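Asks: To be precise about what I am sending: the file is called coords_33.txt and holds compact mmCIF, C-alpha atoms and all ligand atoms.
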# COMPACT_ATOMS: atom_id res chain seq x y z
CA MET A 398 -41.67 2.88 -11.35
CA ASN A 399 -42.91 -0.31 -12.91
CA GLN A 400 -43.12 -2.81 -10.07
CA ARG A 401 -42.81 -5.90 -12.26
CA GLN A 402 -39.49 -7.62 -12.90
CA ASN A 403 -37.47 -5.42 -15.20
CA THR A 404 -33.83 -6.22 -15.53
CA ASP A 405 -33.50 -5.02 -19.14
CA ARG A 406 -30.71 -2.64 -18.33
CA ILE A 407 -28.68 -3.44 -15.25
CA CYS A 408 -26.15 -0.71 -14.49
CA ILE A 409 -23.39 -1.55 -12.01
CA ILE A 410 -21.51 1.39 -10.53
CA GLY A 411 -17.90 0.47 -9.71
CA ALA A 412 -15.48 -2.04 -11.27
CA GLY A 413 -13.92 -3.24 -8.02
CA ILE A 414 -14.02 -6.86 -6.87
CA GLY A 415 -17.78 -6.54 -6.32
CA GLY A 416 -18.78 -4.95 -9.63
CA LEU A 417 -16.62 -7.28 -11.72
CA THR A 418 -17.73 -10.41 -9.87
CA LEU A 419 -21.37 -9.40 -10.23
CA GLN A 420 -21.03 -9.05 -13.98
CA ILE A 421 -19.35 -12.48 -14.17
CA ALA A 422 -22.06 -14.06 -12.00
CA LEU A 423 -24.81 -12.48 -14.12
CA ARG A 424 -23.15 -13.57 -17.38
CA ALA A 425 -22.94 -17.12 -16.03
CA ARG A 426 -26.73 -16.94 -15.84
CA GLY A 427 -27.19 -15.31 -19.23
CA ILE A 428 -27.94 -11.81 -17.92
CA GLU A 429 -26.22 -8.77 -19.43
CA SER A 430 -25.08 -5.72 -17.48
CA VAL A 431 -23.05 -2.56 -17.97
CA ILE A 432 -20.37 -1.35 -15.51
CA PHE A 433 -19.53 2.32 -14.99
CA GLU A 434 -16.17 2.98 -13.33
CA GLN A 435 -14.81 6.37 -12.36
CA ALA A 436 -11.16 5.45 -13.01
CA HIS A 437 -9.81 5.62 -16.55
CA GLU A 438 -8.22 2.20 -16.06
CA LEU A 439 -7.95 -0.27 -13.21
CA THR A 440 -4.71 0.13 -11.31
CA GLU A 441 -4.42 -1.73 -8.05
CA ILE A 442 -2.00 -0.74 -5.35
CA GLY A 443 0.78 -3.17 -4.47
CA ALA A 444 -0.85 -5.39 -1.90
CA ALA A 445 -2.53 -8.76 -1.71
CA VAL A 446 -5.89 -10.06 -0.64
CA ALA A 447 -6.75 -13.33 1.06
CA LEU A 448 -9.62 -15.30 -0.46
CA SER A 449 -11.35 -17.96 1.60
CA ALA A 450 -13.47 -20.95 0.56
CA ASN A 451 -16.74 -18.99 0.82
CA ALA A 452 -15.50 -16.98 -2.19
CA THR A 453 -13.10 -19.32 -4.00
CA ARG A 454 -15.82 -21.99 -4.39
CA SER A 455 -17.87 -19.51 -6.44
CA LEU A 456 -14.92 -18.25 -8.51
CA ILE A 457 -14.06 -21.88 -9.32
CA ARG A 458 -17.68 -22.50 -10.40
CA PHE A 459 -17.37 -19.55 -12.78
CA GLY A 460 -14.51 -21.44 -14.45
CA LEU A 461 -11.76 -19.26 -13.00
CA GLY A 462 -10.18 -22.00 -10.86
CA SER A 463 -7.04 -22.74 -12.88
CA GLU A 464 -6.25 -19.07 -13.59
CA LEU A 465 -6.72 -18.25 -9.95
CA ALA A 466 -4.59 -21.20 -8.83
CA SER A 467 -1.79 -20.14 -11.18
CA VAL A 468 -1.38 -16.74 -9.47
CA SER A 469 -2.30 -17.70 -5.89
CA THR A 470 -0.44 -19.10 -2.91
CA GLU A 471 -1.89 -21.34 -0.23
CA PRO A 472 -0.46 -20.52 3.19
CA SER A 473 1.10 -23.54 4.86
CA GLU A 474 -0.52 -22.89 8.26
CA LEU A 475 -2.13 -20.21 10.40
CA ILE A 476 0.11 -19.13 13.26
CA PHE A 477 -0.44 -16.74 16.19
CA ARG A 478 2.69 -15.34 17.84
CA ARG A 479 3.55 -13.26 20.85
CA TRP A 480 4.81 -9.75 20.14
CA ASP A 481 7.99 -9.74 22.25
CA ASP A 482 9.53 -13.22 22.12
CA ALA A 483 7.94 -14.47 18.86
CA ARG A 484 6.65 -17.58 20.66
CA ARG A 485 4.11 -19.63 18.65
CA LEU A 486 0.96 -19.46 20.76
CA TRP A 487 -1.05 -21.67 18.44
CA ALA A 488 -0.87 -23.02 14.89
CA HIS A 489 -3.31 -24.78 12.60
CA PRO A 490 -2.67 -26.37 9.16
CA VAL A 491 -4.10 -24.57 6.11
CA GLY A 492 -2.31 -25.67 2.90
CA ASN A 493 -0.29 -28.33 4.75
CA ASP A 494 -1.73 -31.78 3.91
CA GLY A 495 -4.55 -30.00 2.05
CA ALA A 496 -6.20 -29.53 5.46
CA TYR A 497 -8.25 -26.42 4.64
CA ARG A 498 -9.44 -27.71 1.23
CA ARG A 499 -10.43 -31.00 2.78
CA GLU A 500 -12.47 -29.24 5.43
CA PHE A 501 -14.19 -26.62 3.26
CA GLY A 502 -14.11 -28.10 -0.24
CA ALA A 503 -12.29 -25.10 -1.74
CA PRO A 504 -8.90 -23.45 -1.22
CA TYR A 505 -7.68 -20.53 0.91
CA TYR A 506 -5.52 -18.27 -1.27
CA GLY A 507 -3.28 -15.26 -0.95
CA VAL A 508 -3.32 -13.40 -4.27
CA HIS A 509 -1.92 -10.14 -5.51
CA ARG A 510 -4.80 -7.73 -6.01
CA LYS A 511 -3.68 -6.80 -9.50
CA ASP A 512 -3.69 -10.49 -10.54
CA LEU A 513 -7.18 -11.03 -9.12
CA GLN A 514 -8.41 -7.88 -10.80
CA GLN A 515 -6.95 -9.00 -14.14
CA ILE A 516 -8.59 -12.44 -13.92
CA LEU A 517 -11.97 -10.90 -13.08
CA LEU A 518 -11.64 -8.27 -15.79
CA GLU A 519 -10.83 -10.86 -18.45
CA ALA A 520 -13.92 -12.85 -17.48
CA CYS A 521 -16.11 -9.78 -18.03
CA ASP A 522 -17.37 -8.44 -21.32
CA LEU A 523 -14.91 -5.58 -21.80
CA ARG A 524 -17.26 -3.88 -24.27
CA THR A 525 -19.66 -3.31 -21.41
CA ILE A 526 -17.25 -1.58 -19.03
CA ARG A 527 -17.32 2.21 -19.30
CA PHE A 528 -14.21 3.69 -17.72
CA GLY A 529 -13.92 7.40 -16.86
CA HIS A 530 -17.56 7.50 -15.71
CA ARG A 531 -17.92 8.88 -12.17
CA LEU A 532 -21.48 8.76 -10.97
CA THR A 533 -22.46 12.15 -9.57
CA GLY A 534 -26.22 11.79 -9.16
CA LEU A 535 -29.20 9.52 -9.62
CA ARG A 536 -32.95 9.86 -9.44
CA THR A 537 -35.85 7.54 -9.92
CA GLU A 538 -38.21 8.49 -12.73
CA SER A 539 -41.47 6.88 -13.75
CA ASN A 540 -40.11 3.62 -15.18
CA HIS A 541 -36.37 3.89 -14.84
CA VAL A 542 -33.46 5.29 -12.84
CA HIS A 543 -31.68 8.26 -14.37
CA LEU A 544 -27.90 8.38 -13.81
CA ASP A 545 -25.62 11.41 -14.21
CA PHE A 546 -21.86 11.15 -14.67
CA SER A 547 -19.13 13.74 -14.19
CA ASN A 548 -18.12 13.54 -17.87
CA GLY A 549 -21.59 14.76 -18.87
CA ALA A 550 -22.89 11.32 -19.86
CA THR A 551 -26.33 10.21 -18.72
CA GLU A 552 -27.88 6.76 -18.57
CA ARG A 553 -31.27 5.10 -18.03
CA ALA A 554 -31.29 1.94 -15.96
CA SER A 555 -34.00 -0.46 -14.94
CA LEU A 556 -31.84 -1.66 -12.02
CA VAL A 557 -28.81 0.04 -10.44
CA VAL A 558 -26.25 -1.81 -8.33
CA GLY A 559 -24.02 0.31 -6.11
CA ALA A 560 -20.67 -1.50 -6.05
CA ASP A 561 -18.94 1.82 -5.47
CA GLY A 562 -16.96 0.99 -2.36
CA ILE A 563 -16.87 2.22 1.21
CA ARG A 564 -17.42 5.88 0.30
CA SER A 565 -20.40 5.01 -1.87
CA VAL A 566 -22.47 7.76 -3.49
CA ILE A 567 -25.32 5.29 -3.87
CA ARG A 568 -25.35 4.40 -0.18
CA LYS A 569 -25.78 8.11 0.58
CA TYR A 570 -28.74 8.16 -1.80
CA ILE A 571 -30.31 5.14 -0.06
CA SER A 572 -29.65 6.00 3.58
CA GLY A 573 -29.38 9.78 3.40
CA GLY A 574 -26.26 9.81 5.63
CA ASP A 575 -22.54 9.20 5.53
CA ASP A 576 -22.60 5.98 7.64
CA THR A 577 -18.83 5.49 7.86
CA ILE A 578 -17.23 5.10 11.29
CA PHE A 579 -13.55 5.54 12.05
CA SER A 580 -12.22 2.59 14.06
CA GLY A 581 -9.60 4.60 15.96
CA THR A 582 -6.91 2.47 14.32
CA THR A 583 -4.44 3.00 11.51
CA GLY A 584 -3.19 0.38 9.08
CA PHE A 585 -0.04 0.17 6.97
CA ARG A 586 0.68 -2.40 4.36
CA GLY A 587 2.73 -3.49 1.39
CA LEU A 588 4.50 -6.30 -0.43
CA VAL A 589 8.13 -6.89 0.48
CA PRO A 590 10.67 -9.25 -1.13
CA ARG A 591 11.41 -12.00 1.38
CA GLU A 592 15.17 -11.49 1.07
CA ARG A 593 14.64 -8.23 2.95
CA LEU A 594 13.22 -10.20 5.91
CA PRO A 595 16.04 -12.57 6.87
CA SER A 596 14.75 -13.08 10.44
CA LEU A 597 11.17 -13.98 9.46
CA PRO A 598 10.14 -17.39 10.86
CA ASP A 599 7.81 -19.62 8.76
CA PRO A 600 7.51 -17.27 5.77
CA GLY A 601 5.04 -19.57 4.00
CA ALA A 602 2.46 -19.30 6.80
CA ILE A 603 -0.24 -16.74 7.43
CA GLN A 604 0.72 -15.23 10.77
CA PHE A 605 -0.60 -12.83 13.36
CA TRP A 606 1.74 -11.16 15.83
CA MET A 607 -0.35 -9.86 18.72
CA GLY A 608 0.84 -7.20 21.15
CA PRO A 609 -0.18 -4.21 23.22
CA GLY A 610 -2.04 -1.70 21.04
CA ALA A 611 -0.92 -3.21 17.72
CA HIS A 612 -0.77 -6.32 15.57
CA LEU A 613 0.92 -7.54 12.43
CA LEU A 614 -0.47 -9.93 9.84
CA HIS A 615 1.50 -11.34 6.96
CA TYR A 616 1.54 -14.16 4.44
CA GLY A 617 3.76 -15.22 1.58
CA LEU A 618 3.09 -14.96 -2.14
CA GLY A 619 4.81 -17.16 -4.73
CA ASP A 620 5.87 -20.81 -4.67
CA ASN A 621 8.64 -20.12 -2.18
CA ALA A 622 7.01 -17.12 -0.55
CA GLU A 623 9.26 -14.80 -2.58
CA TYR A 624 7.13 -11.86 -1.47
CA ILE A 625 5.57 -11.22 1.92
CA ASN A 626 2.32 -9.29 2.11
CA ILE A 627 2.38 -7.31 5.35
CA PHE A 628 -0.50 -5.56 7.04
CA GLY A 629 0.09 -3.85 10.37
CA VAL A 630 -2.42 -2.09 12.60
CA VAL A 631 -1.81 0.35 15.46
CA GLU A 632 -4.23 2.03 17.85
CA GLY A 633 -4.91 5.71 17.19
CA PRO A 634 -5.50 8.44 16.42
CA GLN A 635 -8.80 8.89 18.29
CA ARG A 636 -10.16 11.00 15.45
CA TRP A 637 -9.04 10.74 11.85
CA PRO A 638 -7.61 14.17 10.95
CA ASN A 639 -9.00 14.52 7.45
CA LEU A 640 -12.25 12.85 6.44
CA GLU A 641 -11.62 13.71 2.79
CA ARG A 642 -8.37 11.74 2.79
CA TRP A 643 -8.05 8.32 4.39
CA ARG A 644 -4.30 7.96 3.78
CA GLU A 645 -1.86 10.08 5.75
CA ASP A 646 1.80 10.47 4.79
CA VAL A 647 3.02 11.60 8.18
CA PHE A 648 2.39 8.39 10.08
CA GLY A 649 5.51 6.39 9.17
CA GLU A 650 7.67 7.31 12.14
CA ASP A 651 4.70 7.34 14.53
CA ILE A 652 3.86 3.78 13.53
CA LEU A 653 7.34 2.46 14.24
CA GLY A 654 7.17 4.18 17.62
CA LYS A 655 4.27 1.86 18.57
CA PHE A 656 6.44 -1.25 18.15
CA VAL A 657 9.11 -0.44 20.72
CA GLY A 658 10.13 -3.65 22.50
CA TRP A 659 8.72 -5.97 19.81
CA HIS A 660 10.73 -8.94 18.61
CA PRO A 661 13.44 -8.09 16.02
CA ALA A 662 11.64 -10.15 13.32
CA ALA A 663 8.48 -8.10 13.87
CA LEU A 664 10.44 -4.86 13.72
CA GLU A 665 12.04 -6.04 10.51
CA LEU A 666 8.55 -6.46 9.02
CA CYS A 667 7.60 -2.89 9.96
CA ARG A 668 10.82 -1.36 8.72
CA ALA A 669 10.78 -3.26 5.44
CA LEU A 670 7.75 -1.38 4.20
CA ALA A 671 9.06 1.27 1.89
CA GLN A 672 5.65 2.85 2.04
CA ARG A 673 5.45 5.23 4.95
CA GLU A 674 1.84 6.17 5.12
CA GLY A 675 -1.03 5.18 7.32
CA TRP A 676 -4.53 4.22 6.25
CA GLY A 677 -7.41 5.22 8.48
CA LEU A 678 -9.41 2.03 9.01
CA PHE A 679 -13.10 2.79 8.56
CA ALA A 680 -16.21 0.63 8.56
CA VAL A 681 -19.82 1.18 7.52
CA ARG A 682 -22.33 1.23 10.38
CA PRO A 683 -25.08 -1.40 10.03
CA LEU A 684 -27.60 0.00 7.56
CA ARG A 685 -31.35 -0.28 8.00
CA ARG A 686 -31.78 -0.75 4.24
CA TRP A 687 -29.50 -1.92 1.45
CA SER A 688 -31.95 -0.98 -1.28
CA LYS A 689 -34.38 1.72 -2.31
CA GLY A 690 -36.74 0.81 -5.14
CA PRO A 691 -34.65 -0.72 -7.95
CA ILE A 692 -31.35 0.55 -6.49
CA VAL A 693 -29.30 -1.85 -4.37
CA LEU A 694 -25.89 -2.09 -2.71
CA ILE A 695 -23.22 -4.77 -2.70
CA GLY A 696 -19.76 -5.03 -1.14
CA ASP A 697 -18.05 -2.33 0.89
CA ALA A 698 -20.79 0.12 -0.09
CA ALA A 699 -23.21 -1.99 1.95
CA HIS A 700 -21.00 -3.35 4.72
CA GLY A 701 -17.44 -1.98 4.64
CA MET A 702 -15.76 -3.77 7.52
CA LEU A 703 -12.47 -3.88 9.40
CA PRO A 704 -10.12 -6.27 7.63
CA HIS A 705 -9.31 -8.47 10.66
CA GLN A 706 -11.27 -11.52 9.51
CA GLY A 707 -9.92 -11.03 5.96
CA GLN A 708 -13.53 -11.00 4.78
CA GLY A 709 -14.33 -7.67 3.05
CA ALA A 710 -13.66 -9.00 -0.45
CA ASN A 711 -15.03 -12.45 0.38
CA GLN A 712 -18.32 -11.04 1.64
CA THR A 713 -18.42 -8.82 -1.46
CA ILE A 714 -18.10 -11.88 -3.69
CA GLU A 715 -20.85 -13.61 -1.69
CA ASP A 716 -23.11 -10.56 -2.24
CA ALA A 717 -22.49 -10.63 -5.99
CA VAL A 718 -23.17 -14.37 -6.28
CA THR A 719 -26.35 -14.12 -4.21
CA LEU A 720 -27.70 -11.09 -6.08
CA ALA A 721 -27.06 -12.71 -9.48
CA ALA A 722 -28.86 -15.88 -8.39
CA ILE A 723 -31.82 -13.85 -7.16
CA LEU A 724 -32.04 -11.81 -10.36
CA ALA A 725 -31.88 -14.99 -12.44
CA ASN A 726 -34.68 -16.65 -10.46
CA PRO A 727 -36.63 -13.83 -8.85
CA PRO A 728 -38.29 -15.02 -5.66
CA ALA A 729 -40.97 -12.30 -5.81
CA GLU A 730 -43.16 -10.75 -8.46
CA SER A 731 -41.63 -7.30 -8.37
CA ILE A 732 -38.00 -6.36 -8.63
CA VAL A 733 -38.25 -4.25 -5.50
CA GLU A 734 -39.47 -7.23 -3.47
CA SER A 735 -36.79 -9.48 -4.97
CA LEU A 736 -34.14 -6.99 -3.90
CA LEU A 737 -35.59 -7.10 -0.40
CA VAL A 738 -35.10 -10.87 -0.39
CA TYR A 739 -31.44 -10.35 -1.40
CA GLU A 740 -31.03 -7.75 1.31
CA ASN A 741 -32.52 -10.01 3.96
CA VAL A 742 -30.40 -12.98 2.96
CA ARG A 743 -27.20 -10.95 3.07
CA LYS A 744 -27.67 -8.36 5.80
CA SER A 745 -27.56 -10.55 8.90
CA ARG A 746 -24.58 -12.56 7.71
CA ALA A 747 -22.50 -9.52 6.68
CA ARG A 748 -23.40 -7.81 9.96
CA ARG A 749 -22.22 -10.83 11.93
CA VAL A 750 -18.89 -10.84 10.06
CA GLN A 751 -18.56 -7.10 10.71
CA LYS A 752 -19.06 -7.71 14.43
CA TYR A 753 -16.46 -10.49 14.46
CA SER A 754 -14.00 -8.13 12.77
CA TRP A 755 -14.51 -5.46 15.46
CA LYS A 756 -14.10 -8.11 18.14
CA ALA A 757 -10.85 -9.34 16.55
CA ASN A 758 -9.55 -5.76 16.52
CA ARG A 759 -9.87 -5.54 20.31
CA SER A 760 -8.59 -9.00 21.01
CA LEU A 761 -5.49 -8.72 18.78
CA HIS A 762 -4.33 -5.58 20.65
CA LEU A 763 -4.59 -6.66 24.29
CA SER A 764 -1.73 -5.86 26.65
CA ASP A 765 -0.24 -8.77 28.57
CA GLY A 766 -2.51 -9.66 31.48
CA PRO A 767 -5.47 -11.91 32.36
CA ALA A 768 -7.55 -10.95 29.28
CA ALA A 769 -4.67 -11.67 26.89
CA HIS A 770 -3.99 -14.92 28.72
CA GLN A 771 -7.63 -16.02 28.30
CA ARG A 772 -7.51 -15.07 24.61
CA ASP A 773 -4.41 -17.20 24.12
CA LEU A 774 -6.06 -20.16 25.85
CA ARG A 775 -9.09 -19.82 23.55
CA LEU A 776 -7.07 -19.81 20.30
CA HIS A 777 -7.48 -23.56 19.86
CA SER A 778 -11.25 -23.10 19.51
CA LEU A 779 -10.87 -20.56 16.66
CA PRO A 780 -11.49 -23.01 13.77
CA LYS A 781 -14.82 -23.98 15.32
CA ALA A 782 -15.73 -20.36 16.10
CA ILE A 783 -15.25 -19.09 12.53
CA ARG A 784 -16.29 -22.21 10.64
CA TRP A 785 -19.62 -20.60 9.71
CA ILE A 786 -17.76 -17.95 7.71
CA HIS A 787 -15.71 -20.35 5.60
CA GLU A 788 -18.22 -23.16 5.00
CA HIS A 789 -20.85 -20.83 3.50
CA ASP A 790 -21.99 -21.39 -0.07
CA ALA A 791 -23.63 -18.23 -1.39
CA GLU A 792 -25.51 -20.06 -4.14
CA LEU A 793 -27.01 -22.58 -1.76
CA SER A 794 -27.96 -19.79 0.66
CA ILE A 795 -30.94 -18.90 -1.51
CA THR A 796 -31.96 -22.31 -2.70
CA ALA A 797 -31.84 -23.77 0.83
C1 LIG A 801 -5.74 -3.05 4.43
C2 LIG A 801 -6.85 -3.88 3.89
C3 LIG A 801 -6.67 -5.25 3.74
C4 LIG A 801 -7.71 -6.04 3.28
N1 LIG A 801 -7.51 -7.38 3.17
C5 LIG A 801 -8.55 -8.16 2.79
C6 LIG A 801 -8.40 -9.60 2.72
O1 LIG A 801 -7.33 -10.14 2.97
N2 LIG A 801 -9.49 -10.33 2.36
C7 LIG A 801 -10.68 -9.74 2.06
O2 LIG A 801 -11.66 -10.46 1.78
N3 LIG A 801 -10.85 -8.40 2.09
C8 LIG A 801 -9.82 -7.60 2.44
N4 LIG A 801 -9.98 -6.26 2.46
C9 LIG A 801 -11.27 -5.66 2.04
C10 LIG A 801 -11.46 -5.62 0.54
O3 LIG A 801 -10.36 -4.98 -0.08
C11 LIG A 801 -12.75 -4.86 0.20
O4 LIG A 801 -13.78 -5.34 1.03
C12 LIG A 801 -13.16 -5.08 -1.25
O5 LIG A 801 -12.15 -4.61 -2.12
C13 LIG A 801 -14.48 -4.36 -1.54
O6 LIG A 801 -14.78 -4.46 -2.91
P1 LIG A 801 -15.85 -3.48 -3.55
O7 LIG A 801 -15.94 -3.89 -4.98
O8 LIG A 801 -17.08 -3.44 -2.73
O9 LIG A 801 -15.23 -2.01 -3.42
P2 LIG A 801 -13.91 -1.40 -4.05
O10 LIG A 801 -12.87 -2.42 -4.26
O11 LIG A 801 -13.59 -0.21 -3.23
O12 LIG A 801 -14.37 -0.91 -5.51
C14 LIG A 801 -15.22 0.18 -5.70
C15 LIG A 801 -15.05 0.67 -7.13
O13 LIG A 801 -16.03 1.67 -7.38
C16 LIG A 801 -15.43 2.77 -8.04
N5 LIG A 801 -16.22 3.96 -7.71
C17 LIG A 801 -16.34 4.56 -6.49
N6 LIG A 801 -17.17 5.60 -6.56
C18 LIG A 801 -17.60 5.68 -7.86
C19 LIG A 801 -18.47 6.56 -8.56
N7 LIG A 801 -19.08 7.59 -7.94
N8 LIG A 801 -18.69 6.34 -9.86
C20 LIG A 801 -18.07 5.30 -10.51
N9 LIG A 801 -17.22 4.44 -9.90
C21 LIG A 801 -16.99 4.63 -8.59
C22 LIG A 801 -14.00 2.81 -7.48
O14 LIG A 801 -13.12 3.51 -8.32
C23 LIG A 801 -13.70 1.32 -7.38
O15 LIG A 801 -13.15 0.81 -8.57
C24 LIG A 801 -8.96 -5.45 2.92
C25 LIG A 801 -9.12 -4.06 3.03
C26 LIG A 801 -8.09 -3.28 3.53
C27 LIG A 801 -8.30 -1.79 3.67
Would you mind giving the structure from this file in structure tokens?
Replies:
Amino acid sequence: MNQRQNTDRICIIGAGIGGLTLQIALRARGIESVIFEQAHELTEIGAAVALSANATRSLIRFGLGSELASVSTEPSELIFRRWDDARRLWAHPVGNDGAYRREFGAPYYGVHRKDLQQILLEACDLRTIRFGHRLTGLRTESNHVHLDFSNGATERASLVVGADGIRSVIRKYISGGDDTIFSGTTGFRGLVPRERLPSLPDPGAIQFWMGPGAHLLHYGLGDNAEYINIFGVVEGPQRWPNLERWREDVFGEDILGKFVGWHPAALELCRALAQREGWGLFAVRPLRRWSKGPIVLIGDAAHGMLPHQGQGANQTIEDAVTLAAILANPPAESIVESLLVYENVRKSRARRVQKYSWKANRSLHLSDGPAAHQRDLRLHSLPKAIRWIHEHDAELSITA
């Protein structure tokens, strides 16, 4: 493989948040790319995603600020509550008085995934997105990477970016293993009209309810929080029953059984979810390498993480912004070395966020007792403890 910079044909595998953002970030720097997506069209499930300043500042720079603002909701405050009596343990302003924007220079948004996807898609060059292309194999040849797709198509790339999600084919090619770990927890989620949650306190806030072996997170969408995005997590099972399928239909009743004794407003949140299926929550173990020759990973493919810091998509956007900046101004003579620079810039940060997400998983599920009491006392120091996540500017991270 030619070791000199060759970004003539950049092929991105996957049109998720990572793949689409990478194309936008490359276009902003005058670099073309082609995306191959296995789905025949993009259809997002009915749930939302929270975007923090470390991602929104980049999306705004790409000129997507007003579109994003028009479909997003800023939570009024961040609130932690007790599971049984709904007591507010701690609260911190987010949208209220523009506190979060003032602190981090960009907004914190809740946004429906389908709206985010649509905004990103419209900012891409649609002629360069090939739907119905599932990557089945790749190999490096003398001066290019050869790609095979399930529809029989083949492709030659000078650089391949694996944005193919947590079950990435490209990660398997790079690391040789599966690398996913089951967290021993199950999630359930959905969007519910607020009128179905008459007992919900502070619907405009982003809120955690913490209790023994489970937690609930929710935030409102719409000017008056007309919809509530709910994400609940329960401990178990110890082993996920089917590694081919990460969603299980049978968990509905089991999940409700884990919330016995919870406050009626919390139970209302659980019951309101029409969807009665559990998602196995998996993460990607820290990888030794994110690249192999001119093949490199971004997003969940590289660092799939538990969602408890709300950072999977935000870290994915950071990856895309950093990689585009590196490809536009290569720090090394060869593409392979430049990819190593990208990998080094991103790996330690994403790993640290992954660790924080595991830590949050444990701490959100403590039973009442001294450890839970200590956690509650420490809540006031949270803004300081996670400041490094939100203040980050991916573009500056490589010029600094
Ligand atoms: C319950 C839950 C809640 C979450 N909440 C948040 C949140 O609030 N904030 C946040 O920042 N993150 C959140 N996340 C994480 C976030 O959704 C992911 O980190 C993010 O979507 C990763 O983007 P991605 O582009 O890397 O992967 P994906 O979004 O998974 O996209 C991968 C794409 O690649 C395609 N693909 C896969 N294999 C192939 C192949 N072989 N060939 C071609 N195409 C292929 C797929 O079809 C898909 O379109 C949450 C995750 C979960 C599970």
Asks: Mind listing the residues within 6 Å of ligand LIG 801 (chain A), all atoms listed in the file counted, as a PyMOL selection string?
Replies: chain A and resi 410-416+433-436+446-448+530-533+560-562+565-566+696-698+704+707-711+713
Asks: Considering only C-alpha atoms, return as number ranges by chain whatever protein or nucleic-acid residues lie within 10 Å of region 716-727 of chain A, sequence-local ones (same chain, fewer than 3 positions apart) excluded.
Replies: A: 402-404, 414-428, 452, 455-456, 558, 560, 693-696, 699, 710-713, 730-732, 734-736, 738-740, 742-744, 747, 790-796
Asks: Nearest residue to Leu678 (chain A) out of A:Phe585, A:Trp755, A:Tyr624, A:Phe579, using only C-alpha atoms?
Replies: A:Phe579
Asks: Please provide the set of residues having any atom within 7 Å of Ala445 (chain A), restricted to only C-alpha atoms, with same-chain residues fewer than 2 positions apart removed, written as a list in words.
Replies: Ala447, Gly507, Val508, His509, Arg510 and Asn626 of chain A
Asks: At most 7 Å is the cut-off: for each residue in region 676-766 of chain A with any atom that close to an atom of region 593-608 of chain A, write down the nearest atom pair and the distance in Å rounded to one decimal, counting all atoms listed in the file, chain first then increasing number, as a Markdown table.
Replies:
| residue | atom | partner | partner_atom | distance |
| --- | --- | --- | --- | --- |
| A:Leu761 | CA | A:Met607 | CA | 5.3 |
| A:His762 | CA | A:Gly608 | CA | 5.4 |
| A:Leu763 | CA | A:Gly608 | CA | 6.3 |
| A:Ser764 | CA | A:Gly608 | CA | 6.2 |
Asks: A:Leu737, A:Val468, A:Ile407, A:Leu703: which is nearest Gly559 (chain A), counting all atoms listed in the file?
Replies: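 When distances to Gly559 (chain A) are compared using all atoms listed in the file, the smallest one comes from A:Ile407.
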Asks: Between A:Thr577, A:Thr453, A:Ser778, A:Ser463, which has the minimum distance to Pro683 (chain A) (counting only C-alpha atoms)?
Replies: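 For Pro683 (chain A), the nearest of the given residues is A:Thr577.
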Asks: What separation in Å, quoted to one decimal, exists between CA of Gly492 (chain A) and CA of Asn621 (chain A)?
Replies: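 Between CA of Gly492 (chain A) and CA of Asn621 (chain A) the gap is 13.3 Å.
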Asks: Pick the closest to Asn741 (chain A) from A:His777, A:Arg527, A:Arg686, A:Arg772: which is it, counting all atoms listed in the file?
Replies: A:Arg686
Asks: Which residue gives the smallest distance to Leu486 (chain A) among A:Pro780, A:Glu429, A:Asp773, A:Ile457, with only C-alpha atoms counted?
Replies: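 Residue with the minimum atom-to-atom distance to Leu486 (chain A): A:Asp773.
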Asks: What does the structure give for the distance between CA of Asp512 (chain A) and CA of Glu715 (chain A), in Å to one decimal?
Replies: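 CA of Asp512 (chain A) sits 19.6 Å away from CA of Glu715 (chain A).
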Asks: Give me the residues near Ala757 (chain A) as a list in words, where near means some atom within 8 Å (using all atoms listed in the file) and where sequence neighbours in that chain fewer than 4 positions away do not count.
Replies: His705, Gln706, Tyr753 and Leu761 of chain A
Asks: Let me make sure I understand: among A:Val750, A:Tyr497, A:Cys408, A:His489, which one has the smallest atom-to-atom distance to Leu535 (chain A) if we use all atoms listed in the file?
Replies: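 Closest to Leu535 (chain A), using all atoms listed in the file: A:Cys408.
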Asks: Could you state the separation of CA of Ala662 (chain A) and CA of Ser580 (chain A) in Å, given to one decimal place?
Replies: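 Those two atoms sit 27.1 Å apart.
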